[in-house]
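Trainee: One file is attached below, entry-v6.cif, containing mmCIF, C-alpha atoms.
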data_start
#
loop_
_atom_site.label_atom_id
_atom_site.label_comp_id
_atom_site.auth_asym_id
_atom_site.auth_seq_id
_atom_site.Cartn_x
_atom_site.Cartn_y
_atom_site.Cartn_z
CA MET I 18 -43.20 130.99 -16.88
CA THR I 19 -41.20 127.77 -16.95
CA GLN I 20 -40.73 125.79 -20.14
CA THR I 21 -43.51 123.28 -19.33
CA THR I 22 -46.21 123.65 -16.71
CA SER I 23 -49.87 122.97 -16.03
CA ARG I 24 -52.32 125.21 -14.20
CA VAL I 25 -56.01 125.98 -13.79
CA LEU I 26 -57.00 128.48 -16.47
CA GLU I 27 -58.64 131.79 -15.60
CA PRO I 28 -61.23 133.87 -17.49
CA SER I 29 -58.42 135.95 -18.98
CA ASP I 30 -57.10 132.80 -20.72
CA LEU I 31 -60.27 132.45 -22.83
CA ASP I 32 -58.80 133.40 -26.22
CA ALA I 33 -55.84 131.05 -25.81
CA ALA I 34 -58.16 128.19 -24.74
CA LEU I 35 -60.48 128.76 -27.71
CA ALA I 36 -57.48 128.68 -30.05
CA VAL I 37 -56.67 125.17 -28.76
CA LEU I 38 -60.33 124.03 -28.94
CA ASP I 39 -60.68 125.35 -32.50
CA ARG I 40 -57.82 123.11 -33.70
CA GLU I 41 -60.25 120.16 -33.66
CA PRO I 42 -63.73 121.69 -34.01
CA VAL I 43 -65.58 118.38 -34.45
CA ALA I 44 -63.97 116.35 -31.66
CA ASN I 45 -64.09 119.33 -29.28
CA ALA I 46 -67.63 120.53 -30.09
CA PHE I 47 -69.09 119.62 -26.68
CA VAL I 48 -66.46 121.47 -24.64
CA THR I 49 -66.19 124.37 -27.10
CA ALA I 50 -69.94 124.96 -26.89
CA ARG I 51 -69.75 125.08 -23.09
CA VAL I 52 -66.78 127.43 -23.08
CA ARG I 53 -68.31 129.81 -25.64
CA ILE I 54 -71.42 130.15 -23.45
CA ALA I 55 -69.83 130.15 -19.98
CA GLY I 56 -66.23 131.29 -20.46
CA LEU I 57 -63.62 129.80 -18.12
CA ASP I 58 -65.08 130.83 -14.76
CA PRO I 59 -65.40 127.45 -12.96
CA TRP I 60 -68.74 128.34 -11.37
CA ARG I 61 -70.37 129.13 -14.72
CA LEU I 62 -68.50 126.45 -16.67
CA GLY I 63 -69.43 123.71 -14.21
CA GLY I 64 -65.81 122.67 -13.71
CA GLU I 65 -62.21 123.75 -14.08
CA MET I 66 -60.28 124.01 -17.30
CA TRP I 67 -56.70 122.84 -16.89
CA GLY I 68 -54.04 124.05 -19.28
CA TRP I 69 -50.70 122.60 -20.32
CA TYR I 70 -47.99 124.96 -21.54
CA GLU I 71 -44.95 124.11 -23.67
CA GLY I 72 -42.40 126.87 -24.05
CA GLY I 73 -44.86 129.30 -22.52
CA VAL I 74 -47.56 128.50 -25.09
CA LEU I 75 -50.89 126.86 -24.18
CA THR I 76 -50.98 123.60 -26.20
CA SER I 77 -53.35 121.19 -24.39
CA LEU I 78 -56.45 121.39 -22.21
CA CYS I 79 -58.39 119.16 -19.84
CA TYR I 80 -61.97 119.91 -18.79
CA ALA I 81 -62.55 118.73 -15.23
CA GLY I 82 -66.24 118.82 -14.38
CA ALA I 83 -68.95 116.14 -14.45
CA ASN I 84 -66.68 114.54 -17.06
CA LEU I 85 -62.91 114.57 -17.29
CA VAL I 86 -62.10 115.41 -20.93
CA PRO I 87 -58.56 115.62 -22.37
CA ILE I 88 -58.39 118.07 -25.30
CA CYS I 89 -55.59 118.13 -27.90
CA ALA I 90 -53.58 116.43 -25.16
CA THR I 91 -49.97 115.44 -25.87
CA PRO I 92 -48.40 112.54 -23.92
CA ARG I 93 -46.65 114.98 -21.55
CA ALA I 94 -49.86 116.93 -21.05
CA VAL I 95 -51.71 113.68 -20.26
CA ARG I 96 -49.18 112.89 -17.51
CA ALA I 97 -49.57 116.37 -16.02
CA PHE I 98 -53.38 116.14 -16.12
CA ALA I 99 -53.29 112.68 -14.51
CA ASP I 100 -51.12 114.03 -11.68
CA ARG I 101 -53.54 116.90 -11.11
CA ALA I 102 -56.57 114.59 -11.26
CA ARG I 103 -55.03 112.16 -8.76
CA ARG I 104 -54.27 114.98 -6.32
CA ALA I 105 -57.79 116.40 -6.63
CA GLY I 106 -59.48 112.99 -6.26
CA ARG I 107 -62.24 111.69 -8.51
CA ARG I 108 -65.20 114.04 -8.78
CA CYS I 109 -66.36 113.10 -12.29
CA SER I 110 -68.85 110.44 -13.41
CA SER I 111 -66.82 109.61 -16.52
CA VAL I 112 -63.54 110.13 -18.36
CA VAL I 113 -64.32 110.74 -22.04
CA GLY I 114 -62.55 112.06 -25.10
CA PRO I 115 -60.51 111.10 -28.16
CA ALA I 116 -59.53 107.45 -27.72
CA GLU I 117 -55.72 107.69 -27.63
CA PRO I 118 -55.20 110.41 -24.98
CA THR I 119 -58.19 109.15 -22.97
CA ALA I 120 -56.71 105.62 -22.87
CA ALA I 121 -53.35 107.04 -21.76
CA LEU I 122 -55.04 109.15 -19.08
CA TRP I 123 -57.04 106.18 -17.80
CA ARG I 124 -53.93 103.96 -17.62
CA LEU I 125 -52.41 106.51 -15.23
CA LEU I 126 -55.58 107.02 -13.18
CA GLU I 127 -56.86 103.44 -12.97
CA PRO I 128 -54.59 102.33 -10.06
CA GLN I 129 -56.24 104.98 -7.83
CA TRP I 130 -59.61 105.51 -9.48
CA GLY I 131 -60.41 101.99 -10.68
CA PRO I 132 -62.13 99.77 -11.18
CA ALA I 133 -64.48 101.54 -13.57
CA ARG I 134 -68.07 100.39 -13.90
CA GLU I 135 -67.53 100.08 -17.64
CA VAL I 136 -64.84 100.97 -20.18
CA ARG I 137 -65.89 101.63 -23.78
CA ALA I 138 -62.52 101.70 -25.45
CA HIS I 139 -63.60 102.33 -29.04
CA GLN I 140 -66.59 104.53 -29.89
CA PRO I 141 -66.48 105.52 -33.57
CA LEU I 142 -66.67 109.28 -34.16
CA MET I 143 -68.81 109.84 -37.25
CA VAL I 144 -69.20 113.01 -39.31
CA THR I 145 -71.11 114.36 -42.30
CA ASP I 146 -71.52 117.73 -43.99
CA ARG I 147 -74.30 116.79 -46.43
CA MET I 148 -77.69 115.14 -46.64
CA SER I 149 -78.12 111.58 -47.88
CA ASP I 150 -79.19 110.99 -51.48
CA VAL I 151 -80.94 107.76 -50.54
CA ILE I 152 -82.74 108.40 -47.22
CA ALA I 153 -85.54 110.99 -47.25
CA PRO I 154 -86.11 112.90 -43.98
CA ASP I 155 -89.14 111.79 -41.97
CA PRO I 156 -91.68 114.63 -42.43
CA PHE I 157 -93.22 113.88 -39.03
CA VAL I 158 -90.03 114.55 -37.02
CA ARG I 159 -90.24 118.06 -35.59
CA ARG I 160 -88.97 120.26 -32.80
CA VAL I 161 -90.26 119.35 -29.34
CA ARG I 162 -92.33 122.19 -27.86
CA LYS I 163 -91.77 123.50 -24.34
CA ASP I 164 -95.22 122.24 -23.27
CA GLU I 165 -94.20 118.70 -24.32
CA LEU I 166 -91.38 118.34 -21.77
CA GLU I 167 -93.35 115.83 -19.67
CA THR I 168 -94.04 113.76 -22.81
CA ILE I 169 -90.42 113.64 -23.98
CA MET I 170 -88.88 113.11 -20.54
CA PRO I 171 -89.67 109.36 -20.15
CA ALA I 172 -88.14 108.68 -23.58
CA CYS I 173 -85.00 110.61 -22.58
CA VAL I 174 -84.74 108.65 -19.32
CA ALA I 175 -85.20 105.34 -21.18
CA MET I 176 -82.50 106.29 -23.72
CA PHE I 177 -80.03 107.35 -21.03
CA THR I 178 -80.64 104.21 -18.97
CA GLU I 179 -80.14 101.94 -22.00
CA GLU I 180 -77.05 103.85 -23.12
CA VAL I 181 -75.23 104.41 -19.82
CA GLY I 182 -76.51 101.50 -17.75
CA ILE I 183 -77.87 103.56 -14.86
CA SER I 184 -80.90 105.82 -14.56
CA PRO I 185 -80.32 109.59 -14.73
CA LEU I 186 -82.92 109.85 -11.95
CA ALA I 187 -80.54 108.22 -9.45
CA GLY I 188 -78.87 110.50 -6.94
CA ASP I 189 -80.65 113.85 -7.17
CA GLY I 190 -84.00 112.48 -8.38
CA GLY I 191 -83.17 113.59 -11.90
CA LEU I 192 -83.09 117.36 -11.27
CA ILE I 193 -79.86 117.99 -13.19
CA TYR I 194 -80.90 115.69 -16.04
CA GLN I 195 -84.38 117.21 -16.31
CA ALA I 196 -82.83 120.69 -16.40
CA ARG I 197 -80.56 119.60 -19.27
CA VAL I 198 -83.48 118.14 -21.25
CA ALA I 199 -85.48 121.33 -20.64
CA GLU I 200 -82.50 123.42 -21.76
CA LEU I 201 -82.29 121.56 -25.10
CA VAL I 202 -86.06 121.77 -25.63
CA GLY I 203 -85.95 125.49 -24.83
CA ALA I 204 -83.08 126.01 -27.28
CA GLY I 205 -85.02 124.28 -30.07
CA ARG I 206 -82.49 121.44 -30.25
CA SER I 207 -84.75 118.54 -29.21
CA PHE I 208 -86.57 116.65 -31.98
CA ALA I 209 -89.13 113.85 -32.00
CA ARG I 210 -91.79 111.98 -33.90
CA PHE I 211 -94.99 111.36 -31.93
CA ASP I 212 -97.66 108.76 -32.73
CA ALA I 213 -101.41 109.44 -32.92
CA ASP I 214 -101.69 109.05 -29.14
CA GLY I 215 -98.90 111.56 -28.50
CA LYS I 216 -96.32 108.92 -27.53
CA VAL I 217 -92.69 109.29 -28.62
CA VAL I 218 -91.77 107.04 -31.58
CA PHE I 219 -88.30 108.52 -32.29
CA LYS I 220 -86.22 111.23 -30.66
CA ALA I 221 -82.80 112.84 -30.82
CA GLU I 222 -81.12 116.04 -29.69
CA ILE I 223 -78.45 118.33 -31.04
CA GLY I 224 -76.53 118.31 -27.78
CA ALA I 225 -73.63 120.61 -28.57
CA ALA I 226 -73.51 123.41 -31.10
CA THR I 227 -70.82 125.82 -32.26
CA ASP I 228 -70.63 127.82 -35.48
CA ARG I 229 -68.28 125.16 -36.93
CA ALA I 230 -69.74 121.84 -35.77
CA CYS I 231 -72.61 120.29 -33.86
CA GLN I 232 -73.09 116.94 -32.18
CA ILE I 233 -76.23 114.81 -32.41
CA GLN I 234 -76.95 112.71 -29.32
CA GLY I 235 -79.68 110.84 -27.48
CA VAL I 236 -80.95 108.97 -30.54
CA TRP I 237 -83.73 106.61 -29.44
CA VAL I 238 -86.53 104.60 -31.04
CA ALA I 239 -89.38 103.28 -28.88
CA PRO I 240 -88.90 99.49 -28.47
CA GLU I 241 -92.18 98.62 -30.23
CA HIS I 242 -91.07 100.58 -33.32
CA ARG I 243 -87.57 99.13 -33.63
CA GLY I 244 -86.66 97.24 -36.80
CA LYS I 245 -89.35 99.09 -38.79
CA GLY I 246 -87.14 101.60 -40.58
CA VAL I 247 -87.94 104.52 -38.27
CA ALA I 248 -84.40 105.50 -37.26
CA ALA I 249 -82.79 106.40 -40.60
CA PRO I 250 -85.51 108.82 -41.85
CA GLY I 251 -85.68 110.25 -38.32
CA MET I 252 -81.93 110.85 -38.28
CA ALA I 253 -82.11 112.38 -41.76
CA ALA I 254 -84.71 114.85 -40.48
CA VAL I 255 -82.58 115.84 -37.48
CA LEU I 256 -79.53 116.10 -39.74
CA ARG I 257 -81.40 118.51 -42.03
CA TYR I 258 -82.17 120.77 -39.05
CA ALA I 259 -78.54 120.51 -37.93
CA LEU I 260 -76.96 121.39 -41.28
CA THR I 261 -79.42 124.06 -42.39
CA GLU I 262 -79.87 125.86 -39.07
CA ILE I 263 -76.92 125.15 -36.78
CA ALA I 264 -73.53 124.27 -38.27
CA PRO I 265 -71.87 123.14 -41.52
CA VAL I 266 -70.78 119.81 -40.01
CA ALA I 267 -72.71 117.33 -37.85
CA SER I 268 -71.07 114.62 -35.77
CA LEU I 269 -71.94 111.88 -33.30
CA TYR I 270 -70.19 109.06 -31.57
CA VAL I 271 -71.58 105.58 -31.13
CA ASN I 272 -70.71 102.41 -29.26
CA ASP I 273 -68.77 100.05 -31.53
CA PHE I 274 -70.96 97.13 -30.43
CA ASN I 275 -74.16 98.91 -31.54
CA THR I 276 -74.20 97.53 -35.09
CA PRO I 277 -77.78 98.60 -35.99
CA ALA I 278 -77.05 102.22 -34.99
CA ARG I 279 -73.78 102.30 -36.91
CA ARG I 280 -75.51 100.92 -39.99
CA THR I 281 -78.28 103.54 -39.68
CA TYR I 282 -75.82 106.42 -39.40
CA GLU I 283 -73.83 105.15 -42.40
CA LYS I 284 -77.07 104.96 -44.41
CA VAL I 285 -77.81 108.60 -43.61
CA GLY I 286 -74.30 109.57 -44.79
CA PHE I 287 -72.14 109.65 -41.66
CA GLN I 288 -68.55 108.45 -42.07
CA GLU I 289 -66.15 107.28 -39.38
CA VAL I 290 -63.28 109.76 -38.91
CA GLY I 291 -61.86 108.77 -35.52
CA ALA I 292 -62.79 107.26 -32.18
CA PHE I 293 -63.75 108.34 -28.69
CA MET I 294 -63.35 106.39 -25.48
CA SER I 295 -65.52 106.52 -22.37
CA VAL I 296 -64.72 105.30 -18.85
CA LEU I 297 -67.92 105.15 -16.78
CA PHE I 298 -68.01 105.11 -12.97
#
Please rewrite the model in this file as structure tokens.
Mentor:
Amino acid sequence: MTQTTSRVLEPSDLDAALAVLDREPVANAFVTARVRIAGLDPWRLGGEMWGWYEGGVLTSLCYAGANLVPICATPRAVRAFADRARRAGRRCSSVVGPAEPTAALWRLLEPQWGPAREVRAHQPLMVTDRMSDVIAPDPFVRRVRKDELETIMPACVAMFTEEVGISPLAGDGGLIYQARVAELVGAGRSFARFDADGKVVFKAEIGAATDRACQIQGVWVAPEHRGKGVAAPGMAAVLRYALTEIAPVASLYVNDFNTPARRTYEKVGFQEVGAFMSVLF
């Protein structure tokens, strides 16, 4: 093998890929969780895993599926991944990952792939490994049951549409999105508070889970309940599930312009440790 090269990884490269992913267990939780379940077979993984080798050693990765995600990517690896992405053409709906390599990757891809629908250049990555001393968990937040999928689905669609700017029902009528929501409900990683009429007041999911870290996502409060102190106790309840049942560390990333959400997460005990960047198409 030459001194530096990039190639599509194969199932036999799994241990080497996991060694790279495990270098940053929090930032890489989403991709690590996928790889631990599916391995590196593109059909099962839902995309290719590209590898960058320095001196014959795998040092950087890039997941190329519905998202393009640089992982532990050095500047030279970023250039190699950009070349490969340009040749393949854009098949992803977003480029997302740690802010610095993602920004470098986008600078190289933008001339061919741009303009993006939206660029979120700084999304604080927040982490905690303990419960808050000041915010008590909401006792009414619980796991969503499988027979409640139709009840939770509209709240998930509303959250996604607010967050991303387009409906997840566009394109395939929401089949892929509904399957993902059902998967999280089935895995016991979807949580909500319901009112007396069975409507969703608060919801969140633990979207990615490994034995070292998990990622909370999809946090949403029904519009009529916003500003009433629902979010922080709700988050504390989900965090308790996360830390006691899933992983020793919980993380999330948030849009820098979403001041109320950032304040809520800080109240519950999350601290900013880095930043992600998202390029949305």
Trainee: Would you mind listing, for every residue of range 77-98 of chain I within 12 Å of range 286-294 of chain I, the two atoms forming the shortest contact and the distance between them in Å to one decimal, using only C-alpha atoms, sorted by chain and ascending residue number, as a tab-separated table?
Mentor:
residue	atom	partner	partner_atom	distance
I:Leu85	CA	I:Met294	CA	11.6
I:Val86	CA	I:Met294	CA	10.2
I:Pro87	CA	I:Met294	CA	10.9
I:Ile88	CA	I:Phe293	CA	11.6
Trainee: Mind listing as a PDB file with C-alpha atoms, in the coordinates of the input all residues within 10 Å of (-85.0, 102.4, -38.3), counting only C-alpha atoms?
Mentor:
ATOM      1  CA  PHE I 219     -88.300 108.520 -32.290  1.00  0.00           C
ATOM      2  CA  TRP I 237     -83.730 106.610 -29.440  1.00  0.00           C
ATOM      3  CA  VAL I 238     -86.530 104.600 -31.040  1.00  0.00           C
ATOM      4  CA  HIS I 242     -91.070 100.580 -33.320  1.00  0.00           C
ATOM      5  CA  ARG I 243     -87.570  99.130 -33.630  1.00  0.00           C
ATOM      6  CA  GLY I 244     -86.660  97.240 -36.800  1.00  0.00           C
ATOM      7  CA  LYS I 245     -89.350  99.090 -38.790  1.00  0.00           C
ATOM      8  CA  GLY I 246     -87.140 101.600 -40.580  1.00  0.00           C
ATOM      9  CA  VAL I 247     -87.940 104.520 -38.270  1.00  0.00           C
ATOM     10  CA  ALA I 248     -84.400 105.500 -37.260  1.00  0.00           C
ATOM     11  CA  ALA I 249     -82.790 106.400 -40.600  1.00  0.00           C
ATOM     12  CA  PRO I 250     -85.510 108.820 -41.850  1.00  0.00           C
ATOM     13  CA  GLY I 251     -85.680 110.250 -38.320  1.00  0.00           C
ATOM     14  CA  MET I 252     -81.930 110.850 -38.280  1.00  0.00           C
ATOM     15  CA  PRO I 277     -77.780  98.600 -35.990  1.00  0.00           C
ATOM     16  CA  ALA I 278     -77.050 102.220 -34.990  1.00  0.00           C
ATOM     17  CA  ARG I 280     -75.510 100.920 -39.990  1.00  0.00           C
ATOM     18  CA  THR I 281     -78.280 103.540 -39.680  1.00  0.00           C
TER      19      THR I 281
END
Trainee: Residues at most 8 Å from range 193-199 of chain I, counting only C-alpha atoms, excluding those fewer than 3 positions away in the same chain, as an mmCIF file with C-alpha atoms, in the frame of the given file?
Mentor:
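File written: selection-v2.cif
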data_model
loop_
_atom_site.group_PDB
_atom_site.id
_atom_site.type_symbol
_atom_site.label_atom_id
_atom_site.label_comp_id
_atom_site.auth_asym_id
_atom_site.auth_seq_id
_atom_site.Cartn_x
_atom_site.Cartn_y
_atom_site.Cartn_z
ATOM 1 C CA LYS I 163 -91.770 123.500 -24.340
ATOM 2 C CA LEU I 166 -91.380 118.340 -21.770
ATOM 3 C CA MET I 170 -88.880 113.110 -20.540
ATOM 4 C CA CYS I 173 -85.000 110.610 -22.580
ATOM 5 C CA PRO I 185 -80.320 109.590 -14.730
ATOM 6 C CA LEU I 186 -82.920 109.850 -11.950
ATOM 7 C CA ASP I 189 -80.650 113.850 -7.170
ATOM 8 C CA VAL I 202 -86.060 121.770 -25.630
ATOM 9 C CA GLY I 203 -85.950 125.490 -24.830
#
Trainee: Tell me, in Å to one decimal, how far CA of Leu125 in chain I is from CA of Leu62 in chain I.
Mentor: 25.7 Å
Trainee: Output the residue selection produced by the PyMOL selection byres ((chain I and resi 116) around 8) on the file above, formatted as a PyMOL selection string.
Mentor: chain I and resi 114-115+117-120+138-140+292-294
Trainee: Could you give me, as a list in words, the residues within 10 Å of Trp123 in chain I, counting all atoms listed in the file and dropping anything in the same chain fewer than 5 positions from it?
Mentor: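 Near neighbours after the sequence-gap exclusion: Val95, Ala99, Val112, Val113, Pro118, Pro128, Trp130, Gly131, Ala133, Val136, Met294, Ser295 and Val296 of chain I.
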Trainee: Rank I:Gln20, I:Gly235, I:Ala121, I:Ala230 by their smallest atom-to-atom distance to Thr145 in chain I, using only C-alpha atoms, and report the top residue only.
Mentor: I:Ala230
Trainee: Where's the centre, and what are the edge lengths in Å to one decimal, of a box along x, y and z enclosing all listed atoms of range 153-165 of chain I padded 8 Å per side, as lines of an AutoDock Vina configuration file?
Mentor:
center_x = -90.4
center_y = 117.2
center_z = -35.3
size_x = 25.7
size_y = 28.5
size_z = 40.0
Trainee: Expand the PyMOL selection byres ((chain I and resi 223-225) around 12) into the explicit residue set it covers here, and present it as a PDB file with C-alpha atoms, in the frame of the given file.
Mentor:
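What ended up in out38.pdb:
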ATOM      1  CA  PRO I  42     -63.730 121.690 -34.010  1.00  0.00           C
ATOM      2  CA  VAL I  43     -65.580 118.380 -34.450  1.00  0.00           C
ATOM      3  CA  ALA I  44     -63.970 116.350 -31.660  1.00  0.00           C
ATOM      4  CA  ASN I  45     -64.090 119.330 -29.280  1.00  0.00           C
ATOM      5  CA  ALA I  46     -67.630 120.530 -30.090  1.00  0.00           C
ATOM      6  CA  PHE I  47     -69.090 119.620 -26.680  1.00  0.00           C
ATOM      7  CA  VAL I  48     -66.460 121.470 -24.640  1.00  0.00           C
ATOM      8  CA  THR I  49     -66.190 124.370 -27.100  1.00  0.00           C
ATOM      9  CA  ALA I  50     -69.940 124.960 -26.890  1.00  0.00           C
ATOM     10  CA  ARG I  51     -69.750 125.080 -23.090  1.00  0.00           C
ATOM     11  CA  VAL I  52     -66.780 127.430 -23.080  1.00  0.00           C
ATOM     12  CA  ARG I  53     -68.310 129.810 -25.640  1.00  0.00           C
ATOM     13  CA  ILE I  54     -71.420 130.150 -23.450  1.00  0.00           C
ATOM     14  CA  ARG I 160     -88.970 120.260 -32.800  1.00  0.00           C
ATOM     15  CA  VAL I 161     -90.260 119.350 -29.340  1.00  0.00           C
ATOM     16  CA  ARG I 197     -80.560 119.600 -19.270  1.00  0.00           C
ATOM     17  CA  VAL I 198     -83.480 118.140 -21.250  1.00  0.00           C
ATOM     18  CA  ALA I 199     -85.480 121.330 -20.640  1.00  0.00           C
ATOM     19  CA  GLU I 200     -82.500 123.420 -21.760  1.00  0.00           C
ATOM     20  CA  LEU I 201     -82.290 121.560 -25.100  1.00  0.00           C
ATOM     21  CA  VAL I 202     -86.060 121.770 -25.630  1.00  0.00           C
ATOM     22  CA  ALA I 204     -83.080 126.010 -27.280  1.00  0.00           C
ATOM     23  CA  GLY I 205     -85.020 124.280 -30.070  1.00  0.00           C
ATOM     24  CA  ARG I 206     -82.490 121.440 -30.250  1.00  0.00           C
ATOM     25  CA  SER I 207     -84.750 118.540 -29.210  1.00  0.00           C
ATOM     26  CA  PHE I 208     -86.570 116.650 -31.980  1.00  0.00           C
ATOM     27  CA  ALA I 209     -89.130 113.850 -32.000  1.00  0.00           C
ATOM     28  CA  LYS I 220     -86.220 111.230 -30.660  1.00  0.00           C
ATOM     29  CA  ALA I 221     -82.800 112.840 -30.820  1.00  0.00           C
ATOM     30  CA  GLU I 222     -81.120 116.040 -29.690  1.00  0.00           C
ATOM     31  CA  ALA I 226     -73.510 123.410 -31.100  1.00  0.00           C
ATOM     32  CA  THR I 227     -70.820 125.820 -32.260  1.00  0.00           C
ATOM     33  CA  ASP I 228     -70.630 127.820 -35.480  1.00  0.00           C
ATOM     34  CA  ARG I 229     -68.280 125.160 -36.930  1.00  0.00           C
ATOM     35  CA  ALA I 230     -69.740 121.840 -35.770  1.00  0.00           C
ATOM     36  CA  CYS I 231     -72.610 120.290 -33.860  1.00  0.00           C
ATOM     37  CA  GLN I 232     -73.090 116.940 -32.180  1.00  0.00           C
ATOM     38  CA  ILE I 233     -76.230 114.810 -32.410  1.00  0.00           C
ATOM     39  CA  GLN I 234     -76.950 112.710 -29.320  1.00  0.00           C
ATOM     40  CA  GLY I 235     -79.680 110.840 -27.480  1.00  0.00           C
ATOM     41  CA  VAL I 236     -80.950 108.970 -30.540  1.00  0.00           C
ATOM     42  CA  MET I 252     -81.930 110.850 -38.280  1.00  0.00           C
ATOM     43  CA  ALA I 254     -84.710 114.850 -40.480  1.00  0.00           C
ATOM     44  CA  VAL I 255     -82.580 115.840 -37.480  1.00  0.00           C
ATOM     45  CA  LEU I 256     -79.530 116.100 -39.740  1.00  0.00           C
ATOM     46  CA  ARG I 257     -81.400 118.510 -42.030  1.00  0.00           C
ATOM     47  CA  TYR I 258     -82.170 120.770 -39.050  1.00  0.00           C
ATOM     48  CA  ALA I 259     -78.540 120.510 -37.930  1.00  0.00           C
ATOM     49  CA  LEU I 260     -76.960 121.390 -41.280  1.00  0.00           C
ATOM     50  CA  GLU I 262     -79.870 125.860 -39.070  1.00  0.00           C
ATOM     51  CA  ILE I 263     -76.920 125.150 -36.780  1.00  0.00           C
ATOM     52  CA  ALA I 264     -73.530 124.270 -38.270  1.00  0.00           C
ATOM     53  CA  VAL I 266     -70.780 119.810 -40.010  1.00  0.00           C
ATOM     54  CA  ALA I 267     -72.710 117.330 -37.850  1.00  0.00           C
ATOM     55  CA  SER I 268     -71.070 114.620 -35.770  1.00  0.00           C
ATOM     56  CA  LEU I 269     -71.940 111.880 -33.300  1.00  0.00           C
ATOM     57  CA  TYR I 270     -70.190 109.060 -31.570  1.00  0.00           C
TER      58      TYR I 270
END
Trainee: Give as JSON, numbers by chain the set of residues within 12 Å of the point (-97.7, 105.8, -35.8), where distances use the file's coordinates and all atoms listed in the file.
Mentor: {"I": [157, 158, 210, 211, 212, 213, 214, 215, 216, 217, 218, 219, 239, 241, 242, 245, 247]}
Trainee: Quick one: which residues end up in the PyMOL selection byres ((chain I and resi 64) around 6) for this structure, as a PyMOL selection string?
Mentor: chain I and resi 59+62-63+65+81-82
Trainee: When you count all atoms listed in the file, which of these residues is closest to Tyr80 in chain I: I:Arg104, I:Arg24, I:Arg93, I:Arg134?
Mentor: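 The shortest atom-to-atom distance to Tyr80 in chain I comes from I:Arg24.
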